[in-house]
file upload_15.txt (compact mmCIF, C-alpha atoms)
# COMPACT_ATOMS: atom_id res chain seq x y z
CA MET B 58 -23.79 -12.03 -16.76
CA ARG B 59 -23.39 -10.48 -13.35
CA GLN B 60 -20.68 -12.92 -12.37
CA ILE B 61 -18.18 -12.24 -15.11
CA LEU B 62 -16.12 -9.63 -13.27
CA HIS B 63 -15.85 -12.02 -10.32
CA ASN B 64 -14.80 -14.87 -12.60
CA MET B 65 -12.29 -12.88 -14.59
CA ASN B 66 -8.72 -14.07 -14.28
CA PRO B 67 -7.26 -12.02 -11.39
CA SER B 68 -3.92 -11.40 -13.11
CA MET B 69 -5.62 -10.06 -16.22
CA LYS B 70 -7.94 -7.94 -14.12
CA PHE B 71 -4.98 -6.60 -12.21
CA LEU B 72 -3.20 -5.74 -15.44
CA ALA B 73 -6.25 -3.99 -16.90
CA VAL B 74 -6.81 -1.95 -13.73
CA THR B 75 -3.16 -0.95 -13.34
CA VAL B 76 -2.73 0.07 -16.97
CA SER B 77 -5.92 2.14 -16.81
CA MET B 78 -4.58 4.00 -13.80
CA LEU B 79 -1.21 4.72 -15.34
CA VAL B 80 -2.86 6.04 -18.49
CA LEU B 81 -5.31 8.22 -16.54
CA ALA B 82 -2.39 9.84 -14.75
CA PHE B 83 -1.39 11.61 -17.97
CA PHE B 84 -4.68 13.49 -18.37
CA PHE B 85 -5.24 16.83 -16.73
CA ASN B 86 -8.75 17.73 -17.83
CA PRO B 87 -11.66 17.21 -15.43
CA TRP B 88 -13.84 15.28 -17.89
CA THR B 89 -11.65 12.21 -18.41
CA PRO B 90 -11.58 11.09 -14.76
CA LEU B 91 -15.25 11.99 -14.29
CA LEU B 92 -16.32 9.91 -17.27
CA PHE B 93 -14.09 7.07 -16.22
CA PHE B 94 -15.47 7.15 -12.68
CA LEU B 95 -19.00 6.88 -14.05
CA SER B 96 -18.03 4.10 -16.47
CA VAL B 97 -16.46 2.06 -13.70
CA ILE B 98 -19.68 2.30 -11.74
CA ALA B 99 -21.62 1.27 -14.85
CA LEU B 100 -19.31 -1.71 -15.42
CA GLN B 101 -19.85 -2.82 -11.86
CA LEU B 102 -23.61 -2.42 -12.14
CA LEU B 103 -23.66 -4.55 -15.27
CA PHE B 104 -21.09 -7.22 -14.61
CA SER B 105 -20.75 -7.73 -10.87
CA ARG B 106 -22.84 -8.33 -7.82
CA ILE B 107 -21.00 -6.35 -5.21
CA ASN B 108 -22.38 -5.07 -1.95
CA TRP B 109 -23.09 -1.41 -2.73
CA LYS B 110 -23.40 -0.47 0.92
CA LEU B 111 -19.86 -1.73 1.46
CA TRP B 112 -18.77 0.14 -1.65
CA LEU B 113 -20.18 3.37 -0.29
CA LEU B 114 -18.50 2.81 3.06
CA PHE B 115 -15.10 2.33 1.38
CA MET B 116 -15.63 5.28 -0.95
CA LEU B 117 -16.58 7.69 1.81
CA PRO B 118 -13.01 8.48 2.99
CA PHE B 119 -12.05 9.11 -0.62
CA PHE B 120 -14.79 11.65 -1.12
CA PHE B 121 -13.15 13.49 1.78
CA GLY B 122 -9.73 13.05 0.18
CA ALA B 123 -11.02 14.34 -3.15
CA PHE B 124 -12.44 17.39 -1.41
CA GLY B 125 -9.07 18.03 0.26
CA TYR B 126 -7.36 17.90 -3.13
CA LEU B 127 -9.91 20.25 -4.62
CA TRP B 128 -9.42 23.08 -2.22
CA THR B 129 -5.66 22.74 -1.68
CA THR B 130 -5.08 22.81 -5.42
CA LEU B 131 -7.26 25.90 -5.64
CA VAL B 132 -5.32 27.63 -2.88
CA PHE B 133 -1.79 26.33 -3.41
CA GLY B 134 -1.93 25.55 -7.13
CA ALA B 135 0.75 27.07 -9.37
CA ASP B 136 -0.46 30.08 -11.32
CA THR B 137 -0.99 28.79 -14.78
CA GLY B 138 -2.63 31.75 -16.41
CA GLY B 139 -5.96 32.05 -18.15
CA PRO B 140 -8.69 34.50 -17.23
CA ILE B 141 -9.31 35.02 -13.53
CA LEU B 142 -12.64 33.56 -12.47
CA TRP B 143 -12.78 35.17 -9.05
CA SER B 144 -10.44 36.35 -6.33
CA TYR B 145 -10.59 36.53 -2.57
CA GLY B 146 -7.83 38.44 -0.80
CA PRO B 147 -4.48 37.17 -2.09
CA ILE B 148 -6.08 34.11 -3.67
CA GLU B 149 -6.86 34.34 -7.35
CA ILE B 150 -8.50 31.46 -9.09
CA THR B 151 -7.85 31.27 -12.79
CA GLU B 152 -9.73 29.18 -15.29
CA GLN B 153 -6.87 26.74 -15.69
CA ASN B 154 -6.39 26.46 -11.97
CA TRP B 155 -10.06 25.66 -11.58
CA ALA B 156 -9.87 22.91 -14.22
CA HIS B 157 -6.73 21.43 -12.64
CA ALA B 158 -8.28 21.30 -9.20
CA TRP B 159 -11.34 19.46 -10.48
CA SER B 160 -9.20 17.12 -12.51
CA LEU B 161 -7.01 16.15 -9.54
CA SER B 162 -9.90 15.55 -7.19
CA LEU B 163 -11.96 13.64 -9.74
CA ARG B 164 -8.88 11.58 -10.43
CA VAL B 165 -8.91 10.48 -6.79
CA LEU B 166 -12.47 9.26 -7.31
CA ALA B 167 -11.65 7.50 -10.59
CA PHE B 168 -8.64 5.73 -9.07
CA SER B 169 -10.41 4.67 -5.92
CA SER B 170 -13.50 3.35 -7.73
CA LEU B 171 -11.28 1.36 -10.06
CA SER B 172 -9.36 -0.10 -7.13
CA LEU B 173 -12.56 -0.99 -5.36
CA LEU B 174 -13.72 -2.77 -8.49
CA PHE B 175 -10.66 -4.97 -8.19
CA ALA B 176 -10.78 -5.45 -4.42
CA LEU B 177 -14.50 -6.21 -4.18
CA THR B 178 -14.58 -8.73 -7.02
CA THR B 179 -11.35 -10.63 -6.33
CA ASP B 180 -10.71 -13.46 -3.92
CA PRO B 181 -7.23 -12.98 -2.37
CA VAL B 182 -6.28 -16.65 -2.53
CA ARG B 183 -7.28 -16.90 -6.19
CA PHE B 184 -5.24 -13.78 -6.87
CA ILE B 185 -2.10 -15.38 -5.41
CA GLN B 186 -2.83 -18.65 -7.24
CA SER B 187 -3.18 -16.77 -10.47
CA LEU B 188 0.01 -14.78 -9.90
CA MET B 189 1.83 -18.06 -9.37
CA GLN B 190 0.33 -19.75 -12.43
CA GLN B 191 0.21 -16.93 -14.95
CA TRP B 192 3.06 -14.69 -13.88
CA LYS B 193 5.44 -17.30 -12.47
CA LEU B 194 5.51 -15.87 -8.96
CA SER B 195 7.92 -17.97 -6.89
CA PRO B 196 5.94 -20.75 -5.12
CA LYS B 197 8.07 -20.17 -2.03
CA LEU B 198 6.77 -16.64 -1.85
CA ALA B 199 3.23 -17.49 -2.93
CA TYR B 200 2.68 -20.19 -0.31
CA SER B 201 4.39 -18.14 2.42
CA LEU B 202 2.02 -15.34 1.59
CA MET B 203 -1.00 -17.65 1.79
CA VAL B 204 0.20 -19.00 5.14
CA SER B 205 0.61 -15.49 6.46
CA TYR B 206 -2.80 -14.50 5.20
CA GLN B 207 -4.34 -17.38 7.14
CA PHE B 208 -2.59 -16.12 10.27
CA LEU B 209 -4.59 -12.89 10.29
CA PRO B 210 -7.45 -14.10 12.50
CA VAL B 211 -4.96 -15.82 14.80
CA LEU B 212 -3.02 -12.61 15.26
CA LYS B 213 -6.21 -10.73 16.02
CA ALA B 214 -7.08 -13.21 18.76
CA GLU B 215 -3.55 -12.92 20.09
CA LEU B 216 -3.76 -9.15 20.28
CA GLU B 217 -6.90 -9.46 22.42
CA GLN B 218 -5.14 -11.98 24.61
CA ILE B 219 -2.19 -9.67 25.18
CA GLN B 220 -4.53 -6.82 26.06
CA GLN B 221 -6.40 -8.99 28.53
CA ALA B 222 -3.15 -10.21 30.05
CA HIS B 223 -2.05 -6.65 30.56
CA ARG B 224 -5.32 -5.77 32.21
CA LEU B 225 -5.16 -8.83 34.46
CA ARG B 226 -1.82 -7.70 35.74
CA GLY B 227 -3.22 -4.27 36.49
CA ALA B 228 -1.81 -2.25 33.62
CA GLU B 229 -4.13 0.72 33.45
CA ILE B 230 -5.68 1.97 30.25
CA ASP B 231 -4.20 5.36 29.57
CA LYS B 232 -6.60 8.23 29.52
CA HIS B 233 -4.92 10.35 26.88
CA TRP B 234 -4.56 9.31 23.30
CA TRP B 235 -0.86 10.24 23.11
CA ASN B 236 -0.12 7.97 26.07
CA ARG B 237 -2.08 5.22 24.40
CA LEU B 238 -0.08 5.78 21.24
CA LEU B 239 3.19 5.42 23.16
CA ALA B 240 1.86 2.32 24.88
CA MET B 241 1.36 0.73 21.45
CA ARG B 242 4.89 -0.60 21.81
CA ARG B 243 3.75 -2.60 24.84
CA LEU B 244 1.19 -4.38 22.65
CA PHE B 245 3.05 -4.44 19.40
CA ILE B 246 6.36 -5.99 20.47
CA PRO B 247 4.81 -9.08 22.10
CA LEU B 248 2.49 -9.44 19.11
CA LEU B 249 5.40 -9.35 16.69
CA ALA B 250 7.48 -11.68 18.86
CA GLY B 251 4.62 -14.17 18.76
CA ALA B 252 4.36 -13.71 15.00
CA VAL B 253 8.06 -14.42 14.56
CA ARG B 254 7.76 -17.67 16.49
CA LYS B 255 4.68 -18.67 14.46
CA ALA B 256 6.49 -17.95 11.22
CA GLU B 257 9.36 -20.16 12.27
CA ARG B 258 7.02 -22.99 13.24
CA ALA B 259 5.06 -22.72 9.99
CA ALA B 260 8.28 -22.82 7.95
CA PHE B 261 9.45 -25.95 9.76
CA ALA B 262 6.05 -27.56 9.24
CA MET B 263 6.15 -26.79 5.52
CA GLU B 264 9.61 -28.26 5.14
CA ALA B 265 8.71 -31.27 7.23
CA ARG B 266 5.89 -32.01 4.76
CA GLY B 267 8.28 -31.94 1.83
CA PHE B 268 7.79 -28.39 0.56
CA THR B 269 10.85 -27.46 -1.46
CA GLY B 270 9.65 -24.37 -3.25
CA GLU B 271 10.42 -25.81 -6.68
CA PRO B 272 8.26 -24.46 -9.50
CA ARG B 273 5.41 -26.87 -10.16
CA THR B 274 3.16 -27.74 -13.05
CA ALA B 275 0.12 -29.18 -11.30
CA PHE B 276 -2.08 -27.11 -9.01
CA TYR B 277 -5.07 -27.78 -6.81
CA GLU B 278 -6.99 -25.11 -8.66
CA GLN B 279 -5.99 -24.54 -12.28
CA LEU B 280 -6.53 -20.96 -13.39
CA THR B 281 -6.42 -20.21 -17.08
CA ILE B 282 -6.94 -17.21 -19.29
CA THR B 283 -10.15 -17.66 -21.26
CA ARG B 284 -11.64 -15.81 -24.20
CA MET B 285 -13.90 -13.93 -21.76
CA ASP B 286 -10.83 -12.47 -20.09
CA TYR B 287 -9.64 -11.01 -23.39
CA VAL B 288 -13.12 -9.64 -24.11
CA LEU B 289 -13.28 -7.93 -20.73
CA THR B 290 -9.75 -6.55 -21.05
CA ALA B 291 -10.67 -5.17 -24.46
CA LEU B 292 -13.77 -3.62 -22.93
CA PHE B 293 -11.62 -1.87 -20.33
CA GLY B 294 -9.39 -0.63 -23.15
CA ILE B 295 -12.30 0.74 -25.16
CA VAL B 296 -13.79 2.54 -22.16
CA LEU B 297 -10.38 3.99 -21.34
CA ALA B 298 -9.81 5.14 -24.92
CA LEU B 299 -13.25 6.78 -25.08
CA CYS B 300 -12.69 8.63 -21.80
CA CYS B 301 -9.27 9.81 -22.92
CA SER B 302 -10.38 10.90 -26.38
CA ILE B 303 -12.51 13.62 -24.80
CA GLU B 304 -9.26 15.51 -24.16
CA PHE B 305 -8.86 16.06 -27.88
CA LEU B 306 -12.41 17.22 -28.55
CA ASP B 307 -13.05 20.91 -28.93
CA PHE B 308 -15.96 22.32 -27.05
CA MET H 42 16.69 -13.36 -5.36
CA LEU H 43 15.10 -15.88 -3.01
CA LYS H 44 17.67 -18.62 -3.68
CA SER H 45 19.85 -17.72 -0.70
CA TRP H 46 16.88 -17.29 1.63
CA LYS H 47 15.82 -19.88 4.16
CA LEU H 48 12.15 -20.76 4.15
CA LYS H 49 11.73 -19.44 7.68
CA GLU H 50 13.06 -16.10 6.58
CA ILE H 51 10.59 -15.96 3.71
CA VAL H 52 7.67 -16.84 5.98
CA LEU H 53 8.82 -14.28 8.54
CA MET H 54 9.01 -11.66 5.84
CA SER H 55 5.55 -12.52 4.51
CA LEU H 56 4.09 -12.44 7.98
CA PHE H 57 5.61 -9.01 8.62
CA GLY H 58 4.25 -7.96 5.27
CA VAL H 59 0.78 -9.03 6.37
CA VAL H 60 0.97 -7.42 9.82
CA PHE H 61 2.31 -4.15 8.48
CA GLY H 62 -0.11 -4.25 5.59
CA ILE H 63 -2.85 -3.93 8.20
CA VAL H 64 -0.97 -1.23 10.10
CA TYR H 65 -0.50 0.66 6.84
CA LEU H 66 -4.17 0.31 6.01
CA VAL H 67 -5.23 1.74 9.37
CA PHE H 68 -2.96 4.73 8.89
CA LEU H 69 -4.14 5.13 5.31
CA HIS H 70 -7.68 5.63 6.57
CA ILE H 71 -6.52 8.00 9.31
CA GLY H 72 -4.52 9.90 6.70
CA ASN H 73 -7.50 10.12 4.40
CA PHE H 74 -9.79 11.79 6.86
CA TRP H 75 -6.95 14.04 7.90
CA ALA H 76 -6.26 14.88 4.24
CA GLY H 77 -9.88 15.87 3.75
CA ILE H 78 -9.27 18.67 6.24
CA ILE H 79 -5.78 19.93 5.45
CA GLY H 80 -5.10 18.53 1.98
CA PRO H 81 -2.22 16.38 0.67
CA LEU H 82 0.19 17.87 3.21
CA ALA H 83 -1.51 15.65 5.80
CA TYR H 84 0.26 12.56 4.54
CA GLU H 85 3.72 13.99 4.26
CA TRP H 86 4.82 14.20 7.89
CA MET H 87 3.60 10.65 8.60
CA PHE H 88 4.83 9.10 5.37
CA GLY H 89 7.66 7.31 7.18
CA ILE H 90 5.12 4.92 8.68
CA TRP H 91 4.65 3.39 5.23
CA PHE H 92 8.36 2.65 4.80
CA ILE H 93 8.93 0.99 8.15
CA VAL H 94 8.56 -2.68 7.21
CA SER H 95 11.47 -2.40 4.72
CA ILE H 96 13.77 -1.17 7.43
CA ILE H 97 12.63 -3.69 10.05
CA CYS H 98 12.91 -6.70 7.74
CA MET H 99 16.25 -5.70 6.29
CA TYR H 100 17.62 -4.99 9.76
CA ILE H 101 16.56 -8.49 10.86
CA ILE H 102 17.21 -10.64 7.77
CA ARG H 103 20.09 -8.71 6.11
CA LYS H 104 19.85 -10.26 2.66
CA PRO H 105 19.35 -8.62 -0.73
CA GLY H 106 15.64 -8.10 -1.30
CA ALA H 107 14.70 -7.90 2.37
CA ALA H 108 13.65 -4.28 1.95
CA LEU H 109 11.93 -4.49 -1.42
CA LEU H 110 9.91 -7.68 -0.91
CA PRO H 111 8.14 -7.00 2.41
CA GLU H 112 7.16 -3.51 1.29
CA THR H 113 5.68 -4.98 -1.89
CA LEU H 114 3.90 -7.67 0.13
CA ALA H 115 2.51 -5.18 2.61
CA ALA H 116 1.12 -3.17 -0.28
CA THR H 117 -0.33 -6.34 -1.83
CA ILE H 118 -2.03 -7.19 1.46
CA GLU H 119 -3.45 -3.69 1.63
CA VAL H 120 -4.95 -4.28 -1.79
CA MET H 121 -6.29 -7.75 -0.96
CA LEU H 122 -7.95 -6.58 2.23
CA GLY H 123 -9.75 -4.05 0.13
CA ASN H 124 -8.93 -0.40 0.14
CA ALA H 125 -9.80 2.24 -2.32
CA VAL H 126 -6.33 3.17 -3.55
CA GLY H 127 -6.10 -0.27 -5.03
CA PRO H 128 -3.53 -2.06 -7.21
CA ARG H 129 -1.72 1.23 -7.72
CA LEU H 130 -0.60 0.81 -4.11
CA ILE H 131 1.43 -2.26 -5.09
CA LEU H 132 3.35 -0.15 -7.54
CA SER H 133 4.03 2.52 -4.92
CA GLY H 134 5.06 -0.26 -2.52
CA ILE H 135 7.59 -1.55 -5.04
CA ILE H 136 8.98 1.91 -5.61
CA GLN H 137 9.26 2.71 -1.90
CA GLY H 138 10.90 -0.67 -1.33
CA LEU H 139 13.38 0.01 -4.13
CA GLY H 140 14.28 3.30 -2.47
CA ALA H 141 15.08 1.63 0.83
CA GLU H 142 16.82 -1.26 -0.93
CA ALA H 143 19.05 1.21 -2.79
CA ALA H 144 20.49 2.50 0.46
CA PHE H 145 21.41 -1.00 1.63
CA ALA H 146 22.77 -1.95 -1.79
CA MET H 147 25.01 1.11 -1.72
CA THR H 148 26.56 -0.14 1.52
CA ARG H 149 26.71 -3.66 0.00
CA TYR H 150 24.49 -5.11 2.72
CA ARG H 151 27.33 -4.88 5.22
CA HIS H 152 26.37 -2.05 7.52
CA PHE H 153 23.12 -1.76 9.41
CA HIS H 154 23.79 0.99 11.90
CA VAL H 155 21.31 3.77 12.48
CA GLY H 156 22.82 6.06 9.81
CA VAL H 157 22.23 3.53 7.03
CA LEU H 158 18.72 2.84 8.30
CA MET H 159 17.91 6.55 8.25
CA LEU H 160 19.36 6.86 4.75
CA ALA H 161 17.13 3.97 3.67
CA GLY H 162 14.06 5.71 5.07
CA ALA H 163 15.03 8.98 3.39
CA LEU H 164 15.66 7.32 0.02
CA ALA H 165 12.31 5.54 0.22
CA GLY H 166 10.84 9.01 0.66
CA VAL H 167 12.72 10.38 -2.35
CA PHE H 168 11.69 7.49 -4.60
CA SER H 169 8.06 7.62 -3.56
CA PHE H 170 7.99 11.37 -4.04
CA VAL H 171 9.28 11.20 -7.60
CA TYR H 172 6.63 8.59 -8.35
CA GLY H 173 3.91 10.60 -6.64
CA TYR H 174 5.03 13.72 -8.49
CA PHE H 175 3.96 12.16 -11.77
CA LEU H 176 0.99 10.11 -10.69
CA SER H 177 -0.78 12.57 -8.42
CA GLY H 178 0.06 15.53 -10.60
CA TYR H 179 2.04 17.57 -8.05
CA ALA H 180 3.31 19.47 -11.10
CA ALA H 181 0.08 21.43 -10.91
CA LEU H 182 0.97 22.68 -7.43
CA ASP H 183 3.06 25.68 -6.46
CA PRO H 184 6.82 24.76 -6.49
CA SER H 185 7.47 26.04 -2.96
CA PHE H 186 4.57 23.94 -1.68
CA VAL H 187 6.00 20.91 -3.49
CA ALA H 188 9.41 21.60 -1.90
CA LEU H 189 7.79 21.67 1.54
CA MET H 190 6.04 18.35 0.83
CA PHE H 191 9.33 16.83 -0.32
CA THR H 192 11.29 17.95 2.77
CA LEU H 193 8.62 16.73 5.14
CA ARG H 194 8.43 13.36 3.42
CA VAL H 195 12.20 12.73 3.44
CA LEU H 196 12.52 13.80 7.08
CA SER H 197 9.58 11.60 8.01
CA GLY H 198 11.18 8.66 6.20
CA ALA H 199 14.48 9.10 8.00
CA ILE H 200 12.96 9.61 11.46
CA ILE H 201 9.82 7.49 11.60
CA ALA H 202 11.01 4.64 9.36
CA GLY H 203 14.75 4.79 10.09
CA ILE H 204 14.85 5.42 13.82
CA GLY H 205 11.39 3.99 14.55
CA GLY H 206 12.15 0.82 12.61
CA LYS H 207 15.37 0.25 14.53
CA TYR H 208 13.55 0.91 17.79
CA ILE H 209 10.93 -1.76 17.06
CA ALA H 210 13.45 -4.32 15.77
CA ASP H 211 15.70 -3.78 18.80
CA GLY H 212 12.71 -4.26 21.08
CA LEU H 213 11.96 -7.49 19.25
CA LEU H 214 15.54 -8.66 19.53
CA ALA H 215 15.39 -8.16 23.29
CA THR H 216 12.51 -10.66 23.52
CA GLY H 217 14.85 -13.37 22.21
CA SER H 218 12.51 -14.52 19.45
CA LEU H 219 14.94 -13.44 16.73
CA ARG H 220 17.61 -15.99 17.61
CA GLY H 221 18.50 -17.76 14.40
CA TYR H 222 18.22 -14.65 12.25
CA ALA H 223 21.09 -12.53 10.98
CA ILE H 224 20.34 -9.71 13.40
CA ALA H 225 21.15 -11.89 16.43
CA ARG H 226 24.32 -13.29 14.89
CA THR H 227 25.93 -10.06 13.80
CA GLU H 228 24.71 -7.86 16.63
CA LYS H 229 28.10 -7.87 18.35
CA ASN H 230 30.07 -6.85 15.27
CA ASP H 231 27.78 -3.98 14.48
CA ALA H 232 27.24 -2.64 17.98
CA GLY H 233 28.28 0.92 18.54
CA VAL H 234 29.12 1.61 14.91

call {"tool": "encode", "arguments": {"input": "upload_15.txt", "output": "structure tokens"}}
result
Amino acid sequence: MRQILHNMNPSMKFLAVTVSMLVLAFFFNPWTPLLFFLSVIALQLLFSRINWKLWLLFMLPFFFGAFGYLWTTLVFGADTGGPILWSYGPIEITEQNWAHAWSLSLRVLAFSSLSLLFALTTDPVRFIQSLMQQWKLSPKLAYSLMVSYQFLPVLKAELEQIQQAHRLRGAEIDKHWWNRLLAMRRLFIPLLAGAVRKAERAAFAMEARGFTGEPRTAFYEQLTITRMDYVLTALFGIVLALCCSIEFLDF
Amino acid sequence: MLKSWKLKEIVLMSLFGVVFGIVYLVFLHIGNFWAGIIGPLAYEWMFGIWFIVSIICMYIIRKPGAALLPETLAATIEVMLGNAVGPRLILSGIIQGLGAEAAFAMTRYRHFHVGVLMLAGALAGVFSFVYGYFLSGYAALDPSFVALMFTLRVLSGAIIAGIGGKYIADGLLATGSLRGYAIARTEKNDAGV
């Protein structure tokens, strides 16, 4: 039971998450995003085994972001009428303004929790595989992307090497952050130059092994869309519909 | 779109997508903390950073799609590495890439001097702003504040992505590792334009 979000077909999951976000963007009351935020957490509690500490760590910056939205909308929001709740100097906060501000900042939370649901339960390589098999992503692009993804740790090691080389030759570490920012070029250009050469070598190696980039029918790992995927997608739809229907309730 | 591309160009583009995906992610987190203090305006002046890979790749590869694809890939990498904006980022990546691509398409992929690059950065800003206007609900904000956000974003696109992108690509060209790509072949024809 607590594996099904991890096992869901990544393309379907991606579709469900993206559609939910686009729909949420049309709602301007504070309750829809709040409810959706809570439902996403509930879904994750029920159907996934994610690391909640990691979740909290990723969410933290977005709590800050949501707070930023809240107060800037209160201060800079367009006057949309309604009774004035309270005023301070030139700033007047109306009822509608208040609702808008909460809606925008809760929307940040709803979006980010939904995205984390995708990111924390999806294996990147399976996602690319699924894009290639279900959505006919060009194999040329898919395999290039997987190659590049495998280069990440190599590039990290290379960055350290470049830094050490600089230090060996007596390049001093700048004291001020703006100098360090300008010196980024000194690190970044050699890193990119190395990356370009690696890309070229990888491409030659792929071609040398007979990679033509033709669409294929057989894969190392076959990914299919199962009945469970439809059930889960429907579940997302129902949750979304429930959260949105609150807009039309009178209370 | 990829028919006319050599495999090494595709791998180069993916690799740039990956590298800049990480760069974007770092700045996304910086921007988030920053935004917690001064609100959505925090992103606007640095928005050009998120358009830069389009300009660099197009400037190097010079083929249709070289602005749209790497931007989309960078966004995809951001999502795969795990960030809290999520799959929505891929959509914004596509839209930003389309903005930059539009500028190059308008010049029929023939001119790559600094003016075109700046136009590409600015158009990426315009496209992403229109998208953000709907998705983030800027309509709820004061129009003059929205106008300020828009101006800052377009300027940032033109300067950071346009000029900054050229600066990085030219630095890369000087290392000699770009021999065999369009930028090295056509450099003489385009110089000083």

call {"tool": "residues_near_point", "arguments": {"input": "upload_15.txt", "point": "(16.5, 0.4, 11.3)", "cutoff": "12 Å", "atoms": "all atoms listed in the file", "output": "PyMOL selection string"}}
result
chain H and resi 89+92-103+108+141+144-145+152-163+198-212+224

call {"tool": "residues_near_point", "arguments": {"input": "upload_15.txt", "point": "(23.5, -7.9, -2.0)", "cutoff": "10 Å", "atoms": "only C-alpha atoms", "output": "short mmCIF file (atom, residue, chain, number, x, y, z; two decimals) with C-alpha atoms, keeping the file's coordinate frame"}}
result
data_model
loop_
_atom_site.label_atom_id
_atom_site.label_comp_id
_atom_site.auth_asym_id
_atom_site.auth_seq_id
_atom_site.Cartn_x
_atom_site.Cartn_y
_atom_site.Cartn_z
CA MET H 42 16.69 -13.36 -5.36
CA ARG H 103 20.09 -8.71 6.11
CA LYS H 104 19.85 -10.26 2.66
CA PRO H 105 19.35 -8.62 -0.73
CA GLY H 106 15.64 -8.10 -1.30
CA ALA H 107 14.70 -7.90 2.37
CA GLU H 142 16.82 -1.26 -0.93
CA PHE H 145 21.41 -1.00 1.63
CA ALA H 146 22.77 -1.95 -1.79
CA MET H 147 25.01 1.11 -1.72
CA THR H 148 26.56 -0.14 1.52
CA ARG H 149 26.71 -3.66 0.00
CA TYR H 150 24.49 -5.11 2.72
CA ARG H 151 27.33 -4.88 5.22
#

call {"tool": "atom_distance", "arguments": {"input": "upload_15.txt", "atom1": "CA of Gly138 in chain H", "atom2": "CA of Thr113 in chain H"}}
result
6.8 Å

call {"tool": "atom_distance", "arguments": {"input": "upload_15.txt", "atom1": "CA of Val97 in chain B", "atom2": "CA of Glu304 in chain B"}}
result
18.5 Å

call {"tool": "atom_distance", "arguments": {"input": "upload_15.txt", "atom1": "CA of Ala143 in chain H", "atom2": "CA of Ala83 in chain H"}}
result
26.6 Å

call {"tool": "decode", "arguments": {"input": "upload_15.txt", "residues": "range 141-155 of chain H", "atoms": "N, CA and C atoms", "output": "PDB file, in the first residue's frame"}}
result
ATOM      1  N   ALA H 141      12.977  32.834 -26.088  1.00  0.00           N
ATOM      2  CA  ALA H 141      14.308  33.040 -26.650  1.00  0.00           C
ATOM      3  C   ALA H 141      14.354  32.537 -28.090  1.00  0.00           C
ATOM      4  N   GLU H 142      13.732  31.379 -28.310  1.00  0.00           N
ATOM      5  CA  GLU H 142      13.723  30.788 -29.646  1.00  0.00           C
ATOM      6  C   GLU H 142      13.066  31.743 -30.651  1.00  0.00           C
ATOM      7  N   ALA H 143      12.013  32.429 -30.207  1.00  0.00           N
ATOM      8  CA  ALA H 143      11.283  33.333 -31.095  1.00  0.00           C
ATOM      9  C   ALA H 143      12.211  34.398 -31.664  1.00  0.00           C
ATOM     10  N   ALA H 144      13.099  34.918 -30.820  1.00  0.00           N
ATOM     11  CA  ALA H 144      14.001  35.969 -31.287  1.00  0.00           C
ATOM     12  C   ALA H 144      14.915  35.447 -32.389  1.00  0.00           C
ATOM     13  N   PHE H 145      15.419  34.220 -32.214  1.00  0.00           N
ATOM     14  CA  PHE H 145      16.325  33.659 -33.221  1.00  0.00           C
ATOM     15  C   PHE H 145      15.554  33.283 -34.479  1.00  0.00           C
ATOM     16  N   ALA H 146      14.322  32.812 -34.306  1.00  0.00           N
ATOM     17  CA  ALA H 146      13.513  32.449 -35.463  1.00  0.00           C
ATOM     18  C   ALA H 146      13.210  33.698 -36.286  1.00  0.00           C
ATOM     19  N   MET H 147      12.984  34.812 -35.609  1.00  0.00           N
ATOM     20  CA  MET H 147      12.684  36.050 -36.322  1.00  0.00           C
ATOM     21  C   MET H 147      13.851  36.479 -37.205  1.00  0.00           C
ATOM     22  N   THR H 148      15.076  36.183 -36.756  1.00  0.00           N
ATOM     23  CA  THR H 148      16.242  36.528 -37.575  1.00  0.00           C
ATOM     24  C   THR H 148      16.669  35.325 -38.428  1.00  0.00           C
ATOM     25  N   ARG H 149      15.803  34.331 -38.513  1.00  0.00           N
ATOM     26  CA  ARG H 149      16.003  33.132 -39.336  1.00  0.00           C
ATOM     27  C   ARG H 149      17.304  32.390 -39.041  1.00  0.00           C
ATOM     28  N   TYR H 150      17.715  32.422 -37.797  1.00  0.00           N
ATOM     29  CA  TYR H 150      18.912  31.706 -37.346  1.00  0.00           C
ATOM     30  C   TYR H 150      20.144  32.099 -38.170  1.00  0.00           C
ATOM     31  N   ARG H 151      20.210  33.369 -38.558  1.00  0.00           N
ATOM     32  CA  ARG H 151      21.359  33.794 -39.351  1.00  0.00           C
ATOM     33  C   ARG H 151      22.262  34.744 -38.588  1.00  0.00           C
ATOM     34  N   HIS H 152      21.702  35.489 -37.657  1.00  0.00           N
ATOM     35  CA  HIS H 152      22.513  36.486 -36.967  1.00  0.00           C
ATOM     36  C   HIS H 152      22.599  36.154 -35.486  1.00  0.00           C
ATOM     37  N   PHE H 153      23.806  36.235 -34.967  1.00  0.00           N
ATOM     38  CA  PHE H 153      24.000  35.902 -33.550  1.00  0.00           C
ATOM     39  C   PHE H 153      24.837  36.960 -32.862  1.00  0.00           C
ATOM     40  N   HIS H 154      24.701  38.206 -33.320  1.00  0.00           N
ATOM     41  CA  HIS H 154      25.462  39.254 -32.636  1.00  0.00           C
ATOM     42  C   HIS H 154      24.742  39.650 -31.357  1.00  0.00           C
ATOM     43  N   VAL H 155      25.376  40.538 -30.605  1.00  0.00           N
ATOM     44  CA  VAL H 155      24.919  40.777 -29.236  1.00  0.00           C
ATOM     45  C   VAL H 155      23.490  41.328 -29.191  1.00  0.00           C
TER      46      VAL H 155
END
